[in-house]
Amino acid sequence: MGKQLIDIGTTDNDGTGDTIRTGGEKINANFDELFAGANSFRLISRTTAAQPGSPADGDTYLLPTGATGADWAGEDGKLAIWSADQAAWVFVTAAEGMFAWVSDQNIVIVFNGTMWEPRPVEHDHDVLV
């Protein structure tokens, strides 16, 4: 479906934007779509502490302790996802059962509710099992 933007109108209270109900429906639809696919991620890194200067849409990092940068500082342990639409980082707190492929380490990690743990990856005829 893709992200639905709320039409906020041209000026405050001018009646040109979405109604409160329509705005709420768009918010709920956005969250439904987000949470439907928010169990697995492809991470660029889980050790990069310095906020990148020119991320691409969808770039995702697991922020280590001591992450730095205007947006990353204070967000340790969260997933940082660059949204080109918003021109901003979106931060997600991990939930038990989430898993991620860490590209720069070539491993799968799983969040056990307390911490991220590496998991062995077995291959059977080029199919991940």
# chains A, B, ... in the order shown; residues from 1 in each chain; ligands from 1
call {"tool": "residues_around", "arguments": {"residues": "Arg119 of chain A", "least_positions_apart": "5", "cutoff": "12 Å", "atoms": "only C-alpha atoms", "output": "list in words"}}
result
Phe99, Ala100, Trp101, Val102, Asn106, Ile107, Val108, Ile109, Val110, Phe111, Asn112 and Val129 of chain A
call {"tool": "write_last_selection", "arguments": {"atoms": "N, CA and C atoms", "output": "tab-separated table (two decimals), in the first residue's frame"}}
result
chain	number	residue	atom	x	y	z
A	99	PHE	N	14.09	-10.41	14.27
A	99	PHE	CA	15.39	-10.91	13.82
A	99	PHE	C	15.89	-10.04	12.68
A	100	ALA	N	17.20	-10.12	12.46
A	100	ALA	CA	17.81	-9.26	11.44
A	100	ALA	C	19.01	-9.94	10.82
A	101	TRP	N	19.22	-9.66	9.54
A	101	TRP	CA	20.43	-10.04	8.83
A	101	TRP	C	21.38	-8.85	8.95
A	102	VAL	N	22.59	-9.10	9.47
A	102	VAL	CA	23.59	-8.05	9.63
A	102	VAL	C	24.57	-8.16	8.47
A	106	ASN	N	27.66	-10.67	8.14
A	106	ASN	CA	27.18	-11.89	7.51
A	106	ASN	C	26.58	-12.88	8.52
A	107	ILE	N	25.75	-12.34	9.43
A	107	ILE	CA	25.10	-13.17	10.45
A	107	ILE	C	23.64	-12.78	10.62
A	108	VAL	N	22.88	-13.68	11.24
A	108	VAL	CA	21.51	-13.41	11.65
A	108	VAL	C	21.52	-13.23	13.16
A	109	ILE	N	20.80	-12.21	13.64
A	109	ILE	CA	20.67	-12.01	15.07
A	109	ILE	C	19.18	-11.99	15.42
A	110	VAL	N	18.87	-12.42	16.66
A	110	VAL	CA	17.49	-12.48	17.14
A	110	VAL	C	17.42	-11.76	18.48
A	111	PHE	N	16.36	-10.97	18.67
A	111	PHE	CA	16.17	-10.28	19.94
A	111	PHE	C	15.38	-11.19	20.88
A	112	ASN	N	15.97	-11.52	22.03
A	112	ASN	CA	15.34	-12.45	22.96
A	112	ASN	C	14.50	-11.77	24.03
A	129	VAL	N	17.27	-22.17	5.98
A	129	VAL	CA	16.37	-22.95	6.84
A	129	VAL	C	16.60	-22.61	8.28
call {"tool": "atom_distance", "arguments": {"atom1": "atom CA of Ala95 of chain A", "atom2": "atom CA of Ala80 of chain A"}}
result
14.2 Å
call {"tool": "closest_residue", "arguments": {"among": "A:Gln86, A:Gly113, A:Asp57, A:Leu43", "to": "Leu5 of chain A", "atoms": "only C-alpha atoms"}}
result
A:Gln86
call {"tool": "atom_distance", "arguments": {"atom1": "atom CA of Trp89 of chain A", "atom2": "atom CA of Trp72 of chain A"}}
result
8.3 Å
call {"tool": "closest_residue", "arguments": {"among": "A:Lys3, A:Ala84, A:Glu117, A:Gln105", "to": "Phe31 of chain A", "atoms": "only C-alpha atoms"}}
result
A:Lys3
call {"tool": "select_by_dssp", "arguments": {"residues": "segment 80-127 of chain A", "states": "strand (DSSP E)", "output": "ChimeraX atom specification"}}
result
/A:80-83,88-92,99-102,107-111,116-119,123-124,127
call {"tool": "select_by_dssp", "arguments": {"residues": "chain A", "states": "alpha helix (DSSP H)", "output": "list in words"}}
result
Ile20, Arg21, Thr22, Gly23, Gly24, Glu25, Lys26, Ile27, Asn28, Ala29, Asn30, Phe31, Asp32, Glu33, Leu34, Phe35 and Ala36 of chain A
call {"tool": "write_last_selection", "arguments": {"atoms": "C-alpha atoms", "output": "short mmCIF file (atom, residue, chain, number, x, y, z; two decimals), in the first residue's frame"}}
result
data_model
loop_
_atom_site.label_atom_id
_atom_site.label_comp_id
_atom_site.auth_asym_id
_atom_site.auth_seq_id
_atom_site.Cartn_x
_atom_site.Cartn_y
_atom_site.Cartn_z
CA ILE A 20 -9.60 14.06 12.17
CA ARG A 21 -11.27 10.73 11.36
CA THR A 22 -9.53 10.42 7.96
CA GLY A 23 -6.20 11.35 9.54
CA GLY A 24 -6.70 8.69 12.22
CA GLU A 25 -7.56 6.07 9.60
CA LYS A 26 -4.35 6.90 7.72
CA ILE A 27 -2.32 6.66 10.92
CA ASN A 28 -3.83 3.26 11.77
CA ALA A 29 -3.22 1.97 8.21
CA ASN A 30 0.40 3.15 8.33
CA PHE A 31 1.00 1.38 11.64
CA ASP A 32 -0.76 -1.79 10.46
CA GLU A 33 1.56 -1.94 7.46
CA LEU A 34 4.61 -1.14 9.54
CA PHE A 35 3.93 -3.80 12.15
CA ALA A 36 3.01 -6.44 9.56
#
call {"tool": "residues_around", "arguments": {"residues": "Asp18 of chain A", "least_positions_apart": "6", "cutoff": "9 Å", "atoms": "only C-alpha atoms", "output": "list in words"}}
result
Ile6, Asp7, Ile8 and Gly9 of chain A
